[in-house]
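> Got a structure here, written out as structure tokens. Questions coming.
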There are 2 protein chains.
Amino acid sequence: MTQESIRVLVVEDHHVVRQGLVALLNVVEGLEVVGEAADGVEAIAQYRKHQPAITLIDLRLPRLSGVDVIQRIRMETPTARFIVLTTYDGDEDIYRALQAGARAYLLKGMTSDELISTIRAVHAGKSHIPPAVAQRLAERMGTEELTPREFDVLEQIVHGKSNKEIAIELDISEATVKTHINSLLGKLGVTDRTQAATAAIQRGIVTLESLRKPKNNE
Amino acid sequence: MTQESIRVLVVEDHHVVRQGLVALLNVVEGLEVVGEAADGVEAIAQYRKHQPAITLIDLRLPRLSGVDVIQRIRMETPTARFIVLTTYDGDEDIYRALQAGARAYLLKGMTSDELISTIRAVHAGKSHIPPAVAQRLAERMGTEELTPREFDVLEQIVHGKSNKEIAIELDISEATVKTHINSLLGKLGVTDRTQAATAAIQRGIVTLESLRKPKNNE
DNA sequence: TTTGAACTCCATCAAAGGGTTGAGGGTGGT
DNA sequence: ACCACCCTCAACCCTTTGATGGAGTTCAAA
């Protein structure tokens, strides 16, 4: 070949998907999968070991989220380039991943060609964000951020707690809980706690995983 | 080979995943992928055309859901065998797919070996349901079913509507709305509407898709 | 130091939510 | 005909929620 292959790391917890990606990429001229990881911790280890040019990474990962992985690696290697790959696209995930330094964001369901051309583009220093994603990102830019405490309260709301229970849980007065709720309702652009809960889930501010019963698999 | 290959149809909307599955299965001795489909309608067409022994099918599909596909095909061909493949596992999805006649239920993230052995097992007439899934299925068996009207109300709750709004929307009195809410709270085992909303989403009774803004892609 | 943002708390009040009981009408099955 | 189940509605009562406005604290940035 005329020049070196683009070294790619694939981080994806779903086994068949990862295998599919690797198989797909390895037959492409000019690409080379140098490592694989099935969770966040492993991803960092593999990154350090192989120093790939491009890291293809899912956001939903066991042990350490994709966003966390991106952040940590970029602290060590600010030039690291990431292409985020995900099935469901909460506004919050998009925002955080791009904030953390991802260069591109692809929904699963893209074609192989899209994937490959995106890898090449990112390797060439470009960014790539699909119109639909860019639009939603723009929408969310306008919205205000929740404060940490508001986020705590929102989480409790999603868990179905009453104001009194939240007060006990967070060890603050019910009045304070109400204050937080009032401001987060405004920021989310909703009018009651139920809407806040569904909006939070919908936007990916609170994940369904944290709702589920303790899990053994996955 | 000593006997004919098991003819498999792969139904999965995510391109790379489908491609991965096909590539994976085609190299396995005794398996043969005879068709692929990216949505429900196509799945039925492919089934009719190829009459596969096993259909690997995702539940979340464009145009026609996996459950619908299973139901329709089984009406024509009651002996059709399905292995359901999905990422997220709402109780409701599991229940409906198995009710519809699926023989096995696999979470993505399984290993290739698990997949292959499951295909062989199902082809041999066995069923295969992972312990975690079986347990959750058992849980949900105990729970009572929502009546159609209760479901309507629950949907509205998830959409953040107030009782008054629900009453108007469904053209019934607010008192009736309360009655339905009261019984569905009991059936879901929760104590208020916010919990009902998150529980509904969590169990897959109401899907997030129906929440989202109208979508262009996917 | 001043300013601002975040967190904390209080009091008050109207509106909405939720529990309970009871009850009439409709449909489908036995 | 009877029973079971669903859908419908009403009246009563208590609790929770959300809105509003004010106020003290801390802490970091300007």
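FYI, nothing fancy with the structure tokens labels: chains A, B, ... in order, residues from 1 per chain, ligands from 1 as they appear.
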Taking only C-alpha atoms (C1' of nucleotides) into account, find every residue of chain D that has an atom no more than 9 Å from chain A, and write it out as a short mmCIF file (atom, residue, chain, number, x, y, z; two decimals) with N, CA and C atoms (P, O5', C5', C4', C3', O3' and C1' of nucleotides), in the first residue's frame.


data_model
loop_
_atom_site.label_atom_id
_atom_site.label_comp_id
_atom_site.auth_asym_id
_atom_site.auth_seq_id
_atom_site.Cartn_x
_atom_site.Cartn_y
_atom_site.Cartn_z
P DT D 16 -48.49 13.80 51.86
"O5'" DT D 16 -48.33 14.42 50.40
"C5'" DT D 16 -48.87 13.70 49.29
"C4'" DT D 16 -48.73 14.53 48.03
"C3'" DT D 16 -47.37 15.23 47.86
"O3'" DT D 16 -46.85 14.79 46.62
"C1'" DT D 16 -49.16 16.75 47.50
P DT D 17 -45.44 15.31 46.11
"O5'" DT D 17 -45.85 16.48 45.13
"C5'" DT D 17 -47.13 16.43 44.52
"C4'" DT D 17 -47.37 17.63 43.65
"C3'" DT D 17 -46.16 18.41 43.15
"O3'" DT D 17 -46.36 18.67 41.78
"C1'" DT D 17 -47.65 19.87 44.26
P DG D 18 -45.11 19.16 40.89
"O5'" DG D 18 -45.34 20.73 40.78
"C5'" DG D 18 -46.54 21.19 40.17
"C4'" DG D 18 -46.70 22.68 40.37
"C3'" DG D 18 -45.43 23.53 40.10
"O3'" DG D 18 -45.82 24.66 39.34
"C1'" DG D 18 -46.28 24.02 42.24
P DA D 19 -44.72 25.78 38.92
"O5'" DA D 19 -45.57 27.12 39.03
"C5'" DA D 19 -46.80 27.13 39.73
"C4'" DA D 19 -47.05 28.52 40.27
"C3'" DA D 19 -45.95 29.53 39.97
"O3'" DA D 19 -46.53 30.80 39.74
"C1'" DA D 19 -46.14 29.23 42.31
#

> With chain A as the partner and 9 Å as the cut-off, tabulate the residues of chain C that qualify, each row holding the nearest pair of atoms and their distance in Å to one decimal, using only C-alpha atoms (C1' of nucleotides), sorted by chain and rising number, as JSON lines.


{"residue": "C:DA6", "atom": "C1'", "partner": "A:Thr147", "partner_atom": "CA", "distance": 7.6}
{"residue": "C:DC7", "atom": "C1'", "partner": "A:Arg149", "partner_atom": "CA", "distance": 7.9}
{"residue": "C:DT8", "atom": "C1'", "partner": "A:Thr176", "partner_atom": "CA", "distance": 6.5}
{"residue": "C:DC9", "atom": "C1'", "partner": "A:Thr176", "partner_atom": "CA", "distance": 6.5}
{"residue": "C:DC10", "atom": "C1'", "partner": "A:Ala175", "partner_atom": "CA", "distance": 7.6}

> Distance cut-off 9 Å, counting only C-alpha atoms - which residues of chain B neighbour chain A? Return them as a PyMOL selection string.

chain B and resi 13-24+87+107-112+132+157-161+190-199+201-202+208-209+211-212+215-218

> Rounded to one decimal in Å, what is the spacing between CA of Gly30 in chain B and CA of Ile116 in chain B?

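About the pair CA of Gly30 in chain B and CA of Ile116 in chain B: they are 10.1 Å apart.
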
> Rounded to one decimal in Å, what is the spacing between CA of Gly189 in chain A and CA of Ala100 in chain A?

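One can read the CA of Gly189 in chain A to CA of Ala100 in chain A distance as 25.3 Å.
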
> Where does DSSP see alpha helix (DSSP H) in range 8-151 of chain B, if you list the residues as a VMD selection string?

chain B and resid 15 to 26 40 to 50 66 to 76 91 to 100 112 to 123 131 to 142 148 to 151

> Might you pull out every residue within 10 Å of DT27 in chain C, with only C-alpha atoms (C1' of nucleotides) counted and same-chain residues fewer than 2 positions away left off, and present them as a ChimeraX atom specification?

/C:25,29 /D:5-6

> Please give the complete set of residues from range 2-98 of chain A that DSSP, run on the backbone, assigns to strand (DSSP E), formatted as a ChimeraX atom specification.

/A:6-11,31-37,54-58,81-86
